[in-house]
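Below is structure14.pdb, holding PDB, C-alpha atoms and all ligand atoms.
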ATOM      1  CA  MET Y 297     119.789 134.920 114.803
ATOM      2  CA  THR Y 298     120.262 134.801 111.043
ATOM      3  CA  PHE Y 299     116.774 133.762 109.987
ATOM      4  CA  LYS Y 300     113.654 135.035 111.703
ATOM      5  CA  ILE Y 301     109.955 134.699 111.165
ATOM      6  CA  GLU Y 302     108.178 137.208 113.382
ATOM      7  CA  ASN Y 303     104.450 137.261 114.133
ATOM      8  CA  LEU Y 304     103.514 135.883 110.751
ATOM      9  CA  ASN Y 305      99.803 135.716 109.888
ATOM     10  CA  LYS Y 306      97.753 134.505 106.969
ATOM     11  CA  SER Y 307      94.027 133.915 106.579
ATOM     12  CA  PHE Y 308      92.042 132.592 103.661
ATOM     13  CA  GLY Y 309      88.562 134.034 104.184
ATOM     14  CA  ASN Y 310      87.573 132.972 107.688
ATOM     15  CA  LYS Y 311      90.265 130.316 107.810
ATOM     16  CA  LYS Y 312      93.327 131.307 109.827
ATOM     17  CA  ALA Y 313      95.971 129.234 108.045
ATOM     18  CA  VAL Y 314      98.964 130.709 109.927
ATOM     19  CA  ASN Y 315      98.368 132.296 113.320
ATOM     20  CA  ASN Y 316     101.009 134.681 114.563
ATOM     21  CA  ILE Y 317     103.979 132.335 114.336
ATOM     22  CA  SER Y 318     107.573 133.239 115.149
ATOM     23  CA  ILE Y 319     110.540 131.013 114.305
ATOM     24  CA  ARG Y 320     114.271 131.588 114.679
ATOM     25  CA  LEU Y 321     117.066 129.723 113.011
ATOM     26  CA  GLU Y 322     120.833 130.121 113.121
ATOM     27  CA  GLU Y 323     122.786 129.996 109.891
ATOM     28  CA  GLY Y 324     123.871 126.436 109.058
ATOM     29  CA  GLN Y 325     121.105 124.851 111.139
ATOM     30  CA  ILE Y 326     118.527 122.384 109.874
ATOM     31  CA  LEU Y 327     114.944 123.007 110.914
ATOM     32  CA  GLY Y 328     112.379 120.232 110.650
ATOM     33  CA  MET Y 329     108.975 121.769 110.019
ATOM     34  CA  LEU Y 330     106.271 119.364 111.098
ATOM     35  CA  GLY Y 331     102.513 119.340 111.260
ATOM     36  CA  ARG Y 332      99.587 117.265 110.173
ATOM     37  CA  ASN Y 333      97.909 117.880 106.822
ATOM     38  CA  GLY Y 334      96.509 121.401 106.777
ATOM     39  CA  ALA Y 335      98.639 122.633 109.698
ATOM     40  CA  GLY Y 336      99.991 125.627 107.767
ATOM     41  CA  LYS Y 337     103.440 124.496 106.599
ATOM     42  CA  THR Y 338     102.979 125.112 102.879
ATOM     43  CA  THR Y 339     101.293 128.460 103.528
ATOM     44  CA  THR Y 340     104.279 129.517 105.657
ATOM     45  CA  ILE Y 341     106.724 128.434 102.957
ATOM     46  CA  ARG Y 342     104.732 130.190 100.239
ATOM     47  CA  MET Y 343     104.907 133.418 102.228
ATOM     48  CA  MET Y 344     108.653 132.943 102.691
ATOM     49  CA  LEU Y 345     109.036 132.586  98.936
ATOM     50  CA  GLU Y 346     106.749 135.569  98.281
ATOM     51  CA  LEU Y 347     104.456 133.305  96.250
ATOM     52  CA  ILE Y 348     101.531 134.598  98.324
ATOM     53  CA  PRO Y 349     101.390 137.839 100.313
ATOM     54  CA  LYS Y 350     101.418 137.699 104.099
ATOM     55  CA  ASP Y 351      98.661 139.462 106.071
ATOM     56  CA  SER Y 352     101.153 140.701 108.656
ATOM     57  CA  GLY Y 353     104.486 139.874 110.260
ATOM     58  CA  GLN Y 354     107.984 139.739 108.862
ATOM     59  CA  ILE Y 355     110.493 137.255 107.553
ATOM     60  CA  LEU Y 356     114.128 138.302 107.852
ATOM     61  CA  TRP Y 357     117.566 137.085 106.792
ATOM     62  CA  ARG Y 358     120.499 138.801 108.499
ATOM     63  CA  GLY Y 359     118.169 141.655 109.416
ATOM     64  CA  LYS Y 360     116.941 142.244 105.847
ATOM     65  CA  PRO Y 361     113.763 140.946 104.188
ATOM     66  CA  PHE Y 362     114.021 137.263 103.356
ATOM     67  CA  SER Y 363     113.861 137.599  99.608
ATOM     68  CA  LYS Y 364     115.617 136.417  96.466
ATOM     69  CA  LYS Y 365     116.956 139.966  96.266
ATOM     70  CA  ASN Y 366     118.984 139.442  99.445
ATOM     71  CA  LEU Y 367     120.024 135.786  99.341
ATOM     72  CA  LYS Y 368     120.039 132.724  97.119
ATOM     73  CA  ILE Y 369     117.112 130.454  97.971
ATOM     74  CA  GLY Y 370     116.555 126.888  96.782
ATOM     75  CA  TYR Y 371     113.110 125.318  96.897
ATOM     76  CA  LEU Y 372     112.043 121.741  96.290
ATOM     77  CA  PRO Y 373     108.233 121.905  96.310
ATOM     78  CA  GLU Y 374     106.041 119.023  97.384
ATOM     79  CA  GLU Y 375     104.054 119.254  94.173
ATOM     80  CA  ARG Y 376     106.769 118.774  91.640
ATOM     81  CA  GLY Y 377     106.810 121.496  89.037
ATOM     82  CA  LEU Y 378     108.777 120.497  85.954
ATOM     83  CA  TYR Y 379     107.918 121.082  82.331
ATOM     84  CA  ALA Y 380     106.935 117.628  81.079
ATOM     85  CA  LYS Y 381     107.814 118.194  77.411
ATOM     86  CA  MET Y 382     111.121 120.002  77.933
ATOM     87  CA  ASN Y 383     114.288 117.947  77.764
ATOM     88  CA  VAL Y 384     116.055 117.351  81.050
ATOM     89  CA  LEU Y 385     119.264 119.258  80.369
ATOM     90  CA  ASP Y 386     117.480 122.307  78.898
ATOM     91  CA  GLN Y 387     115.111 122.279  81.848
ATOM     92  CA  ILE Y 388     117.882 122.371  84.429
ATOM     93  CA  ILE Y 389     119.728 125.094  82.495
ATOM     94  CA  TYR Y 390     116.481 127.100  82.280
ATOM     95  CA  PHE Y 391     115.938 126.921  86.072
ATOM     96  CA  GLY Y 392     119.574 127.807  86.684
ATOM     97  CA  MET Y 393     119.253 130.882  84.460
ATOM     98  CA  LEU Y 394     116.050 131.890  86.273
ATOM     99  CA  GLU Y 395     118.187 131.960  89.407
ATOM    100  CA  GLY Y 396     120.690 134.286  87.777
ATOM    101  CA  MET Y 397     123.283 131.855  86.407
ATOM    102  CA  ASP Y 398     124.719 132.422  82.943
ATOM    103  CA  LYS Y 399     124.004 129.697  80.404
ATOM    104  CA  LYS Y 400     127.526 128.274  80.300
ATOM    105  CA  GLU Y 401     127.762 127.996  84.066
ATOM    106  CA  ALA Y 402     124.263 126.478  84.309
ATOM    107  CA  LYS Y 403     125.149 123.889  81.664
ATOM    108  CA  ARG Y 404     128.399 122.981  83.392
ATOM    109  CA  GLU Y 405     126.659 122.533  86.745
ATOM    110  CA  ALA Y 406     123.735 120.649  85.170
ATOM    111  CA  ILE Y 407     126.088 118.118  83.568
ATOM    112  CA  LYS Y 408     127.968 117.724  86.838
ATOM    113  CA  TRP Y 409     124.766 117.031  88.803
ATOM    114  CA  LEU Y 410     123.315 114.679  86.187
ATOM    115  CA  GLU Y 411     126.507 112.626  86.403
ATOM    116  CA  LYS Y 412     126.531 112.715  90.180
ATOM    117  CA  LEU Y 413     122.932 111.482  90.381
ATOM    118  CA  GLU Y 414     123.562 108.883  87.665
ATOM    119  CA  ILE Y 415     121.043 110.183  85.131
ATOM    120  CA  SER Y 416     123.378 111.594  82.461
ATOM    121  CA  TYR Y 417     121.848 109.152  79.975
ATOM    122  CA  ALA Y 418     118.558 111.072  80.318
ATOM    123  CA  ALA Y 419     119.966 114.528  79.556
ATOM    124  CA  LYS Y 420     118.358 114.705  76.106
ATOM    125  CA  LYS Y 421     115.117 112.914  77.005
ATOM    126  CA  ARG Y 422     111.842 114.702  77.576
ATOM    127  CA  THR Y 423     111.226 114.973  81.328
ATOM    128  CA  GLU Y 424     107.955 113.037  81.057
ATOM    129  CA  GLN Y 425     109.931 110.035  79.749
ATOM    130  CA  LEU Y 426     111.750 109.676  83.083
ATOM    131  CA  SER Y 427     110.547 107.555  86.002
ATOM    132  CA  LYS Y 428     109.011 109.397  88.951
ATOM    133  CA  GLY Y 429     112.168 108.909  91.001
ATOM    134  CA  ASN Y 430     114.417 110.260  88.258
ATOM    135  CA  GLN Y 431     112.111 113.251  87.750
ATOM    136  CA  GLN Y 432     112.544 113.928  91.432
ATOM    137  CA  LYS Y 433     116.311 113.923  90.997
ATOM    138  CA  VAL Y 434     115.893 116.499  88.217
ATOM    139  CA  GLN Y 435     113.644 118.563  90.478
ATOM    140  CA  LEU Y 436     116.235 118.498  93.258
ATOM    141  CA  ILE Y 437     118.940 119.579  90.803
ATOM    142  CA  THR Y 438     116.807 122.536  89.677
ATOM    143  CA  ALA Y 439     116.389 123.521  93.344
ATOM    144  CA  ILE Y 440     120.104 123.587  94.184
ATOM    145  CA  ILE Y 441     121.939 124.172  90.902
ATOM    146  CA  HIS Y 442     122.603 127.832  91.780
ATOM    147  CA  ASP Y 443     124.291 126.847  95.073
ATOM    148  CA  PRO Y 444     121.729 128.523  97.347
ATOM    149  CA  GLU Y 445     122.600 129.358 100.957
ATOM    150  CA  PHE Y 446     119.041 128.723 102.178
ATOM    151  CA  ILE Y 447     117.214 125.589 101.026
ATOM    152  CA  ILE Y 448     113.622 124.508 101.574
ATOM    153  CA  LEU Y 449     112.987 120.823 100.988
ATOM    154  CA  ASP Y 450     109.365 119.685 101.055
ATOM    155  CA  GLU Y 451     109.123 115.870 101.309
ATOM    156  CA  PRO Y 452     112.370 115.379  99.344
ATOM    157  CA  PHE Y 453     112.436 111.583  99.545
ATOM    158  CA  SER Y 454     108.801 110.659  99.012
ATOM    159  CA  GLY Y 455     108.102 108.063  96.355
ATOM    160  CA  LEU Y 456     111.743 107.060  95.893
ATOM    161  CA  ASP Y 457     113.075 103.522  95.875
ATOM    162  CA  PRO Y 458     115.655 102.820  98.632
ATOM    163  CA  VAL Y 459     118.673 103.244  96.329
ATOM    164  CA  ASN Y 460     117.484 106.602  94.971
ATOM    165  CA  ALA Y 461     116.365 107.704  98.450
ATOM    166  CA  ASP Y 462     119.885 107.031  99.736
ATOM    167  CA  MET Y 463     121.397 108.925  96.809
ATOM    168  CA  LEU Y 464     119.290 112.031  97.543
ATOM    169  CA  LYS Y 465     119.893 111.678 101.286
ATOM    170  CA  ASN Y 466     123.617 111.823 100.540
ATOM    171  CA  VAL Y 467     123.069 115.052  98.609
ATOM    172  CA  VAL Y 468     121.223 116.514 101.602
ATOM    173  CA  LYS Y 469     124.046 115.375 103.909
ATOM    174  CA  GLU Y 470     126.523 117.180 101.652
ATOM    175  CA  LEU Y 471     124.399 120.346 101.816
ATOM    176  CA  ILE Y 472     124.392 120.072 105.613
ATOM    177  CA  ALA Y 473     128.183 119.580 105.621
ATOM    178  CA  LYS Y 474     128.492 122.739 103.497
ATOM    179  CA  LYS Y 475     126.669 124.606 106.299
ATOM    180  CA  LYS Y 476     123.622 125.461 104.251
ATOM    181  CA  THR Y 477     120.621 126.642 106.239
ATOM    182  CA  ILE Y 478     117.799 124.210 105.562
ATOM    183  CA  ILE Y 479     114.094 123.896 106.258
ATOM    184  CA  PHE Y 480     113.046 120.307 105.896
ATOM    185  CA  CYS Y 481     109.339 119.411 105.746
ATOM    186  CA  SER Y 482     108.422 115.789 106.051
ATOM    187  CA  HIS Y 483     105.910 113.441 107.574
ATOM    188  CA  GLN Y 484     108.716 110.883 107.942
ATOM    189  CA  MET Y 485     109.729 111.462 111.553
ATOM    190  CA  ASP Y 486     112.787 109.214 111.385
ATOM    191  CA  GLN Y 487     114.145 111.329 108.515
ATOM    192  CA  VAL Y 488     113.510 114.566 110.396
ATOM    193  CA  GLU Y 489     115.192 113.076 113.435
ATOM    194  CA  SER Y 490     118.268 112.063 111.487
ATOM    195  CA  PHE Y 491     118.719 115.366 109.615
ATOM    196  CA  CYS Y 492     117.427 118.157 111.835
ATOM    197  CA  ASN Y 493     118.860 119.750 114.956
ATOM    198  CA  GLN Y 494     115.892 122.053 115.447
ATOM    199  CA  ILE Y 495     112.184 121.368 115.014
ATOM    200  CA  CYS Y 496     108.929 123.250 114.967
ATOM    201  CA  ILE Y 497     105.477 121.717 115.034
ATOM    202  CA  LEU Y 498     102.462 123.535 113.623
ATOM    203  CA  LYS Y 499      98.913 122.644 114.561
ATOM    204  CA  ASP Y 500      95.890 124.382 113.047
ATOM    205  CA  GLY Y 501      98.070 127.329 112.072
ATOM    206  CA  ASN Y 502      99.594 127.682 115.547
ATOM    207  CA  LEU Y 503     103.208 127.039 116.445
ATOM    208  CA  ILE Y 504     102.992 124.570 119.323
ATOM    209  CA  VAL Y 505     106.642 123.493 119.524
ATOM    210  CA  SER Y 506     109.795 125.334 118.459
ATOM    211  CA  ASP Y 507     113.145 124.354 119.911
ATOM    212  CA  GLN Y 508     116.297 122.291 119.577
ATOM    213  CA  LEU Y 509     115.371 118.641 119.006
ATOM    214  CA  SER Y 510     117.275 117.562 122.148
ATOM    215  CA  ALA Y 511     115.410 120.147 124.264
ATOM    216  CA  VAL Y 512     112.060 119.039 122.834
ATOM    217  CA  LYS Y 513     112.851 115.460 123.819
ATOM    218  CA  LYS Y 514     113.854 116.481 127.337
ATOM    219  CA  SER Y 515     110.631 118.437 127.753
ATOM    220  CA  TYR Y 516     108.585 115.302 127.122
ATOM    221  CA  ASP Y 517     107.196 113.950 130.404
ATOM    222  CA  TYR Y 518     108.061 110.347 129.703
ATOM    223  CA  ARG Y 519     111.037 108.191 128.865
ATOM    224  CA  TYR Y 520     111.229 104.565 127.915
ATOM    225  CA  LEU Y 521     112.878 101.806 129.834
ATOM    226  CA  GLU Y 522     113.740  98.820 127.688
ATOM    227  CA  LEU Y 523     114.183  95.536 129.506
ATOM    228  CA  GLU Y 524     115.280  92.212 128.088
ATOM    229  CA  THR Y 525     114.576  88.941 129.865
ATOM    230  CA  THR Y 526     113.750  85.377 128.907
ATOM    231  CA  ASN Y 527     111.377  85.231 131.872
ATOM    232  CA  ASN Y 528     107.776  86.408 131.627
ATOM    233  CA  ILE Y 529     107.475  89.725 133.462
ATOM    234  CA  LYS Y 530     104.147  90.676 131.877
ATOM    235  CA  ASP Y 531     102.045  89.910 134.958
ATOM    236  CA  TYR Y 532     104.478  91.771 137.165
ATOM    237  CA  LEU Y 533     104.358  94.864 134.932
ATOM    238  CA  ASP Y 534     100.570  94.689 134.726
ATOM    239  CA  HIS Y 535     100.397  94.435 138.488
ATOM    240  CA  LYS Y 536     102.650  97.486 138.843
ATOM    241  CA  GLN Y 537     100.384  99.270 136.345
ATOM    242  CA  TYR Y 538     103.100 100.100 133.859
ATOM    243  CA  THR Y 539     102.152 101.047 130.319
ATOM    244  CA  PHE Y 540     104.345  98.818 128.168
ATOM    245  CA  THR Y 541     104.727  96.956 124.921
ATOM    246  CA  GLN Y 542     106.297  93.549 124.467
ATOM    247  CA  GLU Y 543     108.176  92.092 121.557
ATOM    248  CA  ASN Y 544     109.578  88.616 122.198
ATOM    249  CA  ASN Y 545     111.955  88.974 125.161
ATOM    250  CA  ARG Y 546     111.942  92.750 125.046
ATOM    251  CA  TYR Y 547     109.663  94.976 127.090
ATOM    252  CA  LYS Y 548     109.332  98.712 126.591
ATOM    253  CA  LEU Y 549     107.985 100.570 129.613
ATOM    254  CA  ARG Y 550     106.736 104.129 129.529
ATOM    255  CA  ILE Y 551     108.004 105.777 132.706
ATOM    256  CA  PRO Y 552     107.509 109.334 133.946
ATOM    257  CA  ARG Y 553     110.700 111.369 133.558
ATOM    258  CA  SER Y 554     110.629 111.953 137.302
ATOM    259  CA  GLU Y 555     110.516 108.249 138.190
ATOM    260  CA  ARG Y 556     113.505 106.874 140.069
ATOM    261  CA  PHE Y 557     113.699 103.715 138.069
ATOM    262  CA  TYR Y 558     116.904 102.149 139.438
ATOM    263  CA  GLN Y 559     114.912 100.485 142.181
ATOM    264  CA  THR Y 560     112.426  99.121 139.625
ATOM    265  CA  ILE Y 561     115.267  97.642 137.588
ATOM    266  CA  GLN Y 562     116.886  96.126 140.658
ATOM    267  CA  GLU Y 563     113.615  94.607 141.814
ATOM    268  CA  ILE Y 564     112.835  93.080 138.420
ATOM    269  CA  ASP Y 565     116.392  91.829 138.048
ATOM    270  CA  GLU Y 566     116.273  90.083 141.426
ATOM    271  CA  LYS Y 567     112.956  88.409 140.621
ATOM    272  CA  PHE Y 568     113.340  87.622 136.935
ATOM    273  CA  GLU Y 569     116.968  88.147 135.936
ATOM    274  CA  LEU Y 570     117.415  90.802 133.259
ATOM    275  CA  GLN Y 571     119.681  90.257 130.268
ATOM    276  CA  GLY Y 572     119.566  93.854 129.097
ATOM    277  CA  VAL Y 573     118.508  97.307 130.241
ATOM    278  CA  ALA Y 574     118.398 100.574 128.283
ATOM    279  CA  LEU Y 575     116.897 103.979 128.923
ATOM    280  CA  LYS Y 576     115.611 105.702 125.769
ATOM    281  CA  GLU Y 577     114.395 109.191 125.027
ATOM    282  CA  PRO Y 578     111.021 109.309 123.246
ATOM    283  CA  SER Y 579     111.148 109.262 119.485
ATOM    284  CA  LEU Y 580     110.060 112.309 117.529
ATOM    285  CA  HIS Y 581     107.199 110.177 116.244
ATOM    286  CA  GLU Y 582     105.882 109.739 119.796
ATOM    287  CA  ILE Y 583     106.292 113.403 120.626
ATOM    288  CA  PHE Y 584     104.589 114.443 117.403
ATOM    289  CA  ILE Y 585     101.589 112.220 118.041
ATOM    290  CA  GLU Y 586     101.229 113.477 121.577
ATOM    291  CA  ARG Y 587     101.670 117.145 120.757
ATOM    292  CA  THR Y 588      99.424 117.200 117.734
ATOM    293  CA  GLY Y 589      96.547 115.842 119.715
ATOM    294  CA  ASP Y 590      96.226 112.140 119.105
ATOM    295  CA  ASP Y 591      95.962 109.738 122.025
ATOM    296  CA  VAL Y 592      99.517 108.654 122.708
ATOM    297  CA  ASN Y 593      98.436 105.550 124.630
ATOM    298  CA  ALA Y 594      96.443 104.355 121.648
ATOM    299  CA  LYS Y 595      99.561 104.504 119.497
ATOM    300  CA  PHE Y 596     102.051 103.280 122.076
TER     301      PHE Y 596
HETATM  302  N1  LIG Y 601      94.722 129.092  98.591
HETATM  303  C1  LIG Y 601      94.000 128.694  99.643
HETATM  304  N2  LIG Y 601      92.703 129.026  99.765
HETATM  305  C2  LIG Y 601      91.975 128.646 100.830
HETATM  306  N3  LIG Y 601      92.456 127.915 101.845
HETATM  307  C3  LIG Y 601      93.738 127.541 101.796
HETATM  308  C4  LIG Y 601      94.583 127.905 100.684
HETATM  309  N4  LIG Y 601      95.824 127.385 100.911
HETATM  310  C5  LIG Y 601      95.745 126.733 102.097
HETATM  311  N5  LIG Y 601      94.503 126.823 102.619
HETATM  312  C6  LIG Y 601      94.073 126.261 103.910
HETATM  313  O1  LIG Y 601      94.987 126.671 104.903
HETATM  314  C7  LIG Y 601      95.235 125.600 105.808
HETATM  315  C8  LIG Y 601      96.723 125.309 105.847
HETATM  316  O2  LIG Y 601      97.088 124.658 104.626
HETATM  317  P1  LIG Y 601      98.587 124.286 104.245
HETATM  318  O3  LIG Y 601      98.573 123.848 102.810
HETATM  319  O4  LIG Y 601      99.488 125.400 104.602
HETATM  320  O5  LIG Y 601      98.854 123.030 105.203
HETATM  321  P2  LIG Y 601     100.118 122.043 105.247
HETATM  322  O6  LIG Y 601     100.593 122.017 106.652
HETATM  323  O7  LIG Y 601     101.103 122.419 104.202
HETATM  324  O8  LIG Y 601      99.460 120.625 104.884
HETATM  325  P3  LIG Y 601     100.071 119.351 104.053
HETATM  326  O9  LIG Y 601     100.910 118.570 105.024
HETATM  327  O10 LIG Y 601      98.842 118.598 103.678
HETATM  328  O11 LIG Y 601     100.829 119.866 102.873
HETATM  329  C9  LIG Y 601      94.370 124.438 105.371
HETATM  330  O12 LIG Y 601      93.174 124.466 106.109
HETATM  331  C10 LIG Y 601      94.101 124.746 103.895
HETATM  332  O13 LIG Y 601      92.879 124.191 103.496
END
As structure tokens - that is how I would like this structure written.
Ligand SMILES: Nc1ncnc2c1ncn2[C@@H]1O[C@H](COP(=O)(O)OP(=O)(O)OP(=O)(O)O)[C@@H](O)[C@H]1O
Amino acid sequence: MTFKIENLNKSFGNKKAVNNISIRLEEGQILGMLGRNGAGKTTTIRMMLELIPKDSGQILWRGKPFSKKNLKIGYLPEERGLYAKMNVLDQIIYFGMLEGMDKKEAKREAIKWLEKLEISYAAKKRTEQLSKGNQQKVQLITAIIHDPEFIILDEPFSGLDPVNADMLKNVVKELIAKKKTIIFCSHQMDQVESFCNQICILKDGNLIVSDQLSAVKKSYDYRYLELETTNNIKDYLDHKQYTFTQENNRYKLRIPRSERFYQTIQEIDEKFELQGVALKEPSLHEIFIERTGDDVNAKF
């Protein structure tokens, strides 16, 4: 395992913000770090980046301390941290130099990225003159200009219009294609699902899920059977005590993973004639809600 967090702990006074968590990640994998507000994600990341000291535990990269001294790390923080009065190009060069680049190289890369993200026109503007979305592009550039091998992205697409969101998503896809190791924090479950092959869920400082996304889905007790029919099967499903939702001609039934549903399908088809049938794994959204303690039936 290339990246390891082992028995990591952090308290603030009486508050246990991170409780003995261990996470493993192979190089080139994308980990979605999930948890409700206050779960301990930012605290974990801050310890990784040595911004705050850990109480105990270790964080390792290829067997050595996970530290800027041993690998290049890129970080896009949730609270954006740019210098408002500094001009965009100088700002990016400054961050590049902080990460060990020489000025010429940082300038070359900065110009390349500004062109790629279609904000070259803003190179000489003060950062505060840019829209929120364009400032976020600048922030992303400062996080990856030094070509880091490990990248932490905290809510990278929040507050972006769809065109800019797609542009930054393409950058993340390129990073994934380049086999960067990435930790991706987001409350947008569909984004986590589309980018990450591994997930961990924190709750009140505890790690309650940590596995491959596919394994997490398979460990969920339910699946969903989607049926399409022009006939009204609502009464039948009520009678059979299925939990389901209906949208026009489509019905979505929550069935235990163990249920032998072929017979159900056959029975419904004979009575009502089905136009479509599909078996779906639960979405990450559903798993998240169930595992972090909310009533899944209320949300279903
Ligand atoms: N500097 C601090 N002093 C005191 N308590 C803190 C400090 N930083 C975090 N906490 C507490 O630790 C807990 C974990 O907070 P953390 O910011 O890590 O959560 P999070 O999962 O990142 O939440 P969010 O999704 O809202 O960013 C919370 O109860 C928070 O109030």
Would you list the residues that come within 12 Å of ligand LIG 601 (chain Y)? Count all atoms listed in the file and give the answer as a ChimeraX atom specification. /Y:305-315,329-343,347-349,373-375,450-451,481-484,496-503
Nearest to Lys360 in chain Y by atom-to-atom distance, counting all atoms listed in the file, from Y:Glu414, Y:Thr298, Y:Asp398, Y:Leu385: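 Of all the options, Y:Thr298 lies closest to Lys360 in chain Y.
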Once the PyMOL selection byres (((chain Y and resi 574-590) around 7) and not hetatm) is applied to the coordinates I shared, what remains selected? I want it as a short mmCIF file (atom, residue, chain, number, x, y, z; two decimals) with C-alpha atoms, in the frame of the given file.
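The result, written out as expr_29.cif:
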data_model
loop_
_atom_site.label_atom_id
_atom_site.label_comp_id
_atom_site.auth_asym_id
_atom_site.auth_seq_id
_atom_site.Cartn_x
_atom_site.Cartn_y
_atom_site.Cartn_z
CA MET Y 485 109.73 111.46 111.55
CA GLU Y 489 115.19 113.08 113.44
CA LYS Y 499 98.91 122.64 114.56
CA LYS Y 513 112.85 115.46 123.82
CA ARG Y 519 111.04 108.19 128.86
CA TYR Y 520 111.23 104.56 127.92
CA LEU Y 521 112.88 101.81 129.83
CA GLU Y 522 113.74 98.82 127.69
CA LEU Y 523 114.18 95.54 129.51
CA GLY Y 572 119.57 93.85 129.10
CA VAL Y 573 118.51 97.31 130.24
CA ASP Y 591 95.96 109.74 122.02
CA VAL Y 592 99.52 108.65 122.71
#
Find the spatial neighbours of range 537-546 of chain Y, counting only C-alpha atoms, within a cut-off of 8 Å - ignore same-chain residues fewer than 6 positions away - and output them as number ranges by chain. Y: 522-527, 596
So that I have them on file, write out the residues from the current selection with C-alpha atoms, as a PDB file, keeping the file's coordinate frame.
ATOM      1  CA  GLU Y 522     113.740  98.820 127.688  1.00  0.00           C
ATOM      2  CA  LEU Y 523     114.183  95.536 129.506  1.00  0.00           C
ATOM      3  CA  GLU Y 524     115.280  92.212 128.088  1.00  0.00           C
ATOM      4  CA  THR Y 525     114.576  88.941 129.865  1.00  0.00           C
ATOM      5  CA  THR Y 526     113.750  85.377 128.907  1.00  0.00           C
ATOM      6  CA  ASN Y 527     111.377  85.231 131.872  1.00  0.00           C
ATOM      7  CA  PHE Y 596     102.051 103.280 122.076  1.00  0.00           C
TER       8      PHE Y 596
END
For this structure, which residues satisfy the selection - the PyMOL selection byres (((chain Y and resi 321) around 12) and not hetatm) - when it is evaluated on the file as given? I want them as a ChimeraX atom specification. /Y:297-302,318-320,322-329,355-358,446,476-479,492-496,506-508
Show which residues sit within 12 Å of range 453-462 of chain Y, as a ChimeraX atom specification. Count only C-alpha atoms, and ignore same-chain residues fewer than 2 positions away. /Y:372-376,412-415,427-433,435-436,449-451,464-469,480-484,487-488
Proximity to Asp531 in chain Y - best of Y:Ile564, Y:Ile504, Y:Ile317, Y:Leu367, all atoms listed in the file: Y:Ile564
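Between CA of Arg422 in chain Y and CA of Tyr379 in chain Y there is a distance of 8.9 Å.
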Identify which of the residues Y:Ala402, Y:Asn316, Y:Lys421, Y:Glu563 lies closest to Lys350 in chain Y, counting only C-alpha atoms when measuring atom-to-atom distances.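 Checking each of Y:Ala402, Y:Asn316, Y:Lys421, Y:Glu563 against Lys350 in chain Y, counting only C-alpha atoms, the winner is Y:Asn316.
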re CA of Gln562 in chain Y and CA of Tyr516 in chain Y: distance 24.9 Å
One decimal, Å: what's the distance from CA of Tyr371 in chain Y over to CA of Ile437 in chain Y, could you say? 10.2 Å
Point (116.5, 140.4, 89.5) neighbourhood (9 Å, only C-alpha atoms) written as a PDB file with C-alpha atoms, in the coordinates of the input:
ATOM      1  CA  LYS Y 364     115.617 136.417  96.466  1.00  0.00           C
ATOM      2  CA  LYS Y 365     116.956 139.966  96.266  1.00  0.00           C
ATOM      3  CA  GLU Y 395     118.187 131.960  89.407  1.00  0.00           C
ATOM      4  CA  GLY Y 396     120.690 134.286  87.777  1.00  0.00           C
TER       5      GLY Y 396
END
For range 301-305 of chain Y, take all atoms listed in the file, fit an axis-aligned box around them, add 5 Å to each of the six sides, then output centre and edge lengths in Å rounded to one decimal, as JSON.
{"center_x": 104.9, "center_y": 136.0, "center_z": 112.0, "size_x": 20.2, "size_y": 12.6, "size_z": 14.2}
Calculated over all atoms listed in the file, which of the candidates Y:Asp565, Y:Ala419, Y:Lys514, Y:Ser352 has the smallest distance to Tyr532 in chain Y?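 Residue with the minimum atom-to-atom distance to Tyr532 in chain Y: Y:Asp565.
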